[in-house]
Amino acid sequence: MVKAWEGTATMASWRRSAGTLATAAGAVAGLGALAARRAARGPLPETRGTFSIPGLHAPVVIERDSWGIPRIRAEHAQDLFFANGLVHAQDRFWQMELNRRVGSGRLSELFGPMTLEADRLMRRLGLRRVAEEEARLLQGEDRALLAAYCRGINYYLARRPSRLPLEFSLIRALPPPKLRWRPDPWEVADTLVFGKVMALGLSSNWSEELVRSALLEKLGPERAAALEPIHGEDMPLVLEGAHVPEALVRRLRDSYAELNPFLSATGIGAGGFSNNWVVDGTRTASGTPLLANDPHLTLQMPSIWYEIELNGGGFHVAGASFPGAPGVIIGHNSRIAWGMTAACLDVQDLVIERVNPANPQQYWYQDQWRAGRLAREEIVVRGRAEPVVEEVLITHHGPIISPVLPGEQRAMALRWTALEPGTLAQSVLHYNRAQNWPEFTEALRLWDVPSHNIVYADIEGNIGYYTPGKVPIRSRGSGALPAPGWTGEYEWVGTVPYEALPHAYNPPRHQVVTANHRLVGDD
């Protein structure tokens, strides 16, 4: 039994929020005002005191500043990430619970039929299946740190089983029927599946293929092609400077003005586009690099981001993390800084399969029936006596997802780099500790999906840029439309070598700017 952690922050801002939340909870749940107030305040984080926790190697200190941002100090890396998991769970466990349920296709257990279609899609994609395989493949210190993070979350759940976030009480009380339910212990696969959910939100090509396919059928090839956006000669490239012609600015402004009513009505484009840039000391008053990042992920309440500082066991890193995942996604350590935007590379292909009508576990490939893998998924739906069963045929191209695509009659599999076991979580842990450009880019070698534009600066005055991620090489076609899978002509034959991905180190223009625009030229 050792001293676990100490907290020193005040609770003033949290108490003000709790008053508002309690009023809302009383109105929604029909609780008495006093009971609602207690229900809202009870789950607030413990930010004062000293606790003895078995299993830690040495004292761990958690301090919070006036904004409630935690700063964690530890001597051992596993203790550091135990505390990382603990503070995430204290502040954001309902958000974490929802995120893992989204990725695992388990929303309907809580919300009933209203979320069934979302669960069906996730079960067919199989993000949870892949996450569990990734968890089994983890080794060494990476496995130990992710496990320590999970232990921190589970310590929170065990310590305060009756003081979970208010949303848990509200969900339990919703009819019909009322739930006798407690959250499951947190597992490494819960963290990894959230990474898959983020990748899905930043990899949209499969839906674009469906739109193109529909336009092609309705309009014919020439008129459909005329609707494709064209990257003109006057448009900027990431690796050739960032000058944007005034004519382009006017054209973009006018286009968005015309599209705005449609975008507002449909929600398309609501996430916006991210920006980042880095300049070296030749362009700054201080003579040292400046790096900025504005990632436009969809606005949520609470924010998808969580600011944190982690110090100890070889780590000293601060910035924006994701609740449910250890480490810092965007930020800096004592020697380097980094930022990222989505690269929007095409890493998904819809593949049209021919399924055997006499045996739904077989599909036609190169003149013979080939056996696929059948995954049986049972979706528990609140208020229903029996689960909804999805039997998912998985070909060598990927899972058949068309049964959850409205109006789609073709059997289509999704080929996607995220549906193969990856190493994204390891990449984050490694670059959090990187001290220079070689160590940073070696860590990015493990970043598989989604592809990102990552800018870099260090205290030695260097700047850089890399686009990590697995990018498929296709034997034929561009991946812009669903392709026939039975001929074998449109297979992936590998991925772009890491060294051949777009990158720059101390570029001649002394700057790198990305805003989801085109990375490199036609050559």
# chains A, B, ... in the order shown; residues from 1 in each chain; ligands from 1
>>> select_by_dssp(residues="region 272-453 of chain A", states="strand (DSSP E)", output="ChimeraX atom specification")
/A:275-279,290-294,306-312,315-321,330-333,336-342,348-353,362-364,369-371,373-379,388-395,398-399,411-416,452-453
>>> atom_distance(atom1="CA of Ala385 (chain A)", atom2="CA of Pro113 (chain A)")
12.3 Å
>>> residues_around(residues="Phe273 (chain A)", least_positions_apart="3", cutoff="12 Å", atoms="only C-alpha atoms", output="VMD selection string")
chain A and resid 202 269 to 270 276 293 to 298 340 to 344 514 to 517
>>> write_last_selection(atoms="C-alpha atoms", output="mmCIF file, in the first residue's frame")
data_model
loop_
_atom_site.group_PDB
_atom_site.id
_atom_site.type_symbol
_atom_site.label_atom_id
_atom_site.label_comp_id
_atom_site.auth_asym_id
_atom_site.auth_seq_id
_atom_site.Cartn_x
_atom_site.Cartn_y
_atom_site.Cartn_z
ATOM 1 C CA LEU A 202 -11.795 10.578 -41.186
ATOM 2 C CA GLY A 269 -19.560 19.345 -44.222
ATOM 3 C CA ALA A 270 -20.474 20.209 -40.654
ATOM 4 C CA ASN A 276 -1.880 23.462 -39.386
ATOM 5 C CA ASN A 293 -2.738 23.433 -35.262
ATOM 6 C CA ASP A 294 -6.511 23.847 -35.520
ATOM 7 C CA PRO A 295 -8.117 20.387 -35.885
ATOM 8 C CA HIS A 296 -11.760 20.736 -36.908
ATOM 9 C CA LEU A 297 -13.301 17.584 -35.515
ATOM 10 C CA THR A 298 -17.066 17.687 -35.077
ATOM 11 C CA MET A 340 -1.955 17.162 -37.550
ATOM 12 C CA THR A 341 -4.760 17.451 -40.094
ATOM 13 C CA ALA A 342 -6.558 14.738 -42.056
ATOM 14 C CA ALA A 343 -4.771 13.872 -45.297
ATOM 15 C CA CYS A 344 -7.994 12.537 -46.861
ATOM 16 C CA THR A 514 -1.770 22.062 -44.635
ATOM 17 C CA ALA A 515 -5.536 22.539 -44.773
ATOM 18 C CA ASN A 516 -6.770 19.230 -46.204
ATOM 19 C CA HIS A 517 -5.664 20.337 -49.672
#
>>> closest_atom_pairs(of="region 142-224 of chain A", to="region 483-488 of chain A", cutoff="12 Å", atoms="only C-alpha atoms", output="JSON lines")
{"residue": "A:Trp206", "atom": "CA", "partner": "A:Ala483", "partner_atom": "CA", "distance": 11.5}
{"residue": "A:Glu209", "atom": "CA", "partner": "A:Ala483", "partner_atom": "CA", "distance": 9.7}
{"residue": "A:Leu210", "atom": "CA", "partner": "A:Ala483", "partner_atom": "CA", "distance": 11.2}
{"residue": "A:Ser213", "atom": "CA", "partner": "A:Ala483", "partner_atom": "CA", "distance": 10.3}
>>> decode(residues="region 186-233 of chain A", atoms="C-alpha atoms", output="JSON list (two decimals), in the first residue's frame")
[["chain", "number", "residue", "atom", "x", "y", "z"],
["A", 186, "TRP", "CA", -12.41, -1.30, -19.30],
["A", 187, "GLU", "CA", -10.29, -3.43, -21.63],
["A", 188, "VAL", "CA", -7.41, -2.64, -23.98],
["A", 189, "ALA", "CA", -9.72, -3.43, -26.91],
["A", 190, "ASP", "CA", -12.05, -0.64, -25.72],
["A", 191, "THR", "CA", -9.21, 1.84, -26.24],
["A", 192, "LEU", "CA", -8.24, 0.38, -29.61],
["A", 193, "VAL", "CA", -11.79, 0.32, -30.96],
["A", 194, "PHE", "CA", -12.10, 4.05, -30.30],
["A", 195, "GLY", "CA", -9.12, 4.59, -32.61],
["A", 196, "LYS", "CA", -11.05, 2.69, -35.30],
["A", 197, "VAL", "CA", -14.09, 4.93, -34.77],
["A", 198, "MET", "CA", -11.90, 8.01, -35.25],
["A", 199, "ALA", "CA", -10.44, 6.48, -38.40],
["A", 200, "LEU", "CA", -13.93, 5.80, -39.76],
["A", 201, "GLY", "CA", -14.90, 9.45, -39.31],
["A", 202, "LEU", "CA", -11.79, 10.58, -41.19],
["A", 203, "SER", "CA", -11.95, 8.02, -44.01],
["A", 204, "SER", "CA", -14.99, 8.77, -46.15],
["A", 205, "ASN", "CA", -14.09, 7.39, -49.55],
["A", 206, "TRP", "CA", -16.46, 4.43, -49.40],
["A", 207, "SER", "CA", -19.49, 6.72, -49.18],
["A", 208, "GLU", "CA", -18.07, 8.88, -51.99],
["A", 209, "GLU", "CA", -17.84, 5.77, -54.15],
["A", 210, "LEU", "CA", -21.56, 5.18, -53.62],
["A", 211, "VAL", "CA", -22.36, 8.78, -54.61],
["A", 212, "ARG", "CA", -20.23, 8.52, -57.76],
["A", 213, "SER", "CA", -21.83, 5.20, -58.64],
["A", 214, "ALA", "CA", -25.32, 6.72, -58.36],
["A", 215, "LEU", "CA", -24.34, 9.79, -60.40],
["A", 216, "LEU", "CA", -22.82, 7.59, -63.07],
["A", 217, "GLU", "CA", -26.03, 5.58, -63.35],
["A", 218, "LYS", "CA", -28.26, 8.67, -63.46],
["A", 219, "LEU", "CA", -26.17, 11.04, -65.56],
["A", 220, "GLY", "CA", -23.76, 8.97, -67.60],
["A", 221, "PRO", "CA", -19.96, 9.15, -67.48],
["A", 222, "GLU", "CA", -19.41, 12.57, -69.09],
["A", 223, "ARG", "CA", -21.89, 14.53, -66.99],
["A", 224, "ALA", "CA", -20.92, 12.68, -63.81],
["A", 225, "ALA", "CA", -17.25, 13.42, -64.46],
["A", 226, "ALA", "CA", -18.07, 17.11, -64.92],
["A", 227, "LEU", "CA", -19.24, 17.24, -61.30],
["A", 228, "GLU", "CA", -15.89, 16.02, -59.94],
["A", 229, "PRO", "CA", -13.82, 18.73, -58.24],
["A", 230, "ILE", "CA", -10.70, 19.55, -60.20],
["A", 231, "HIS", "CA", -7.44, 20.66, -58.64],
["A", 232, "GLY", "CA", -6.45, 23.51, -60.92],
["A", 233, "GLU", "CA", -2.95, 24.69, -61.70]]
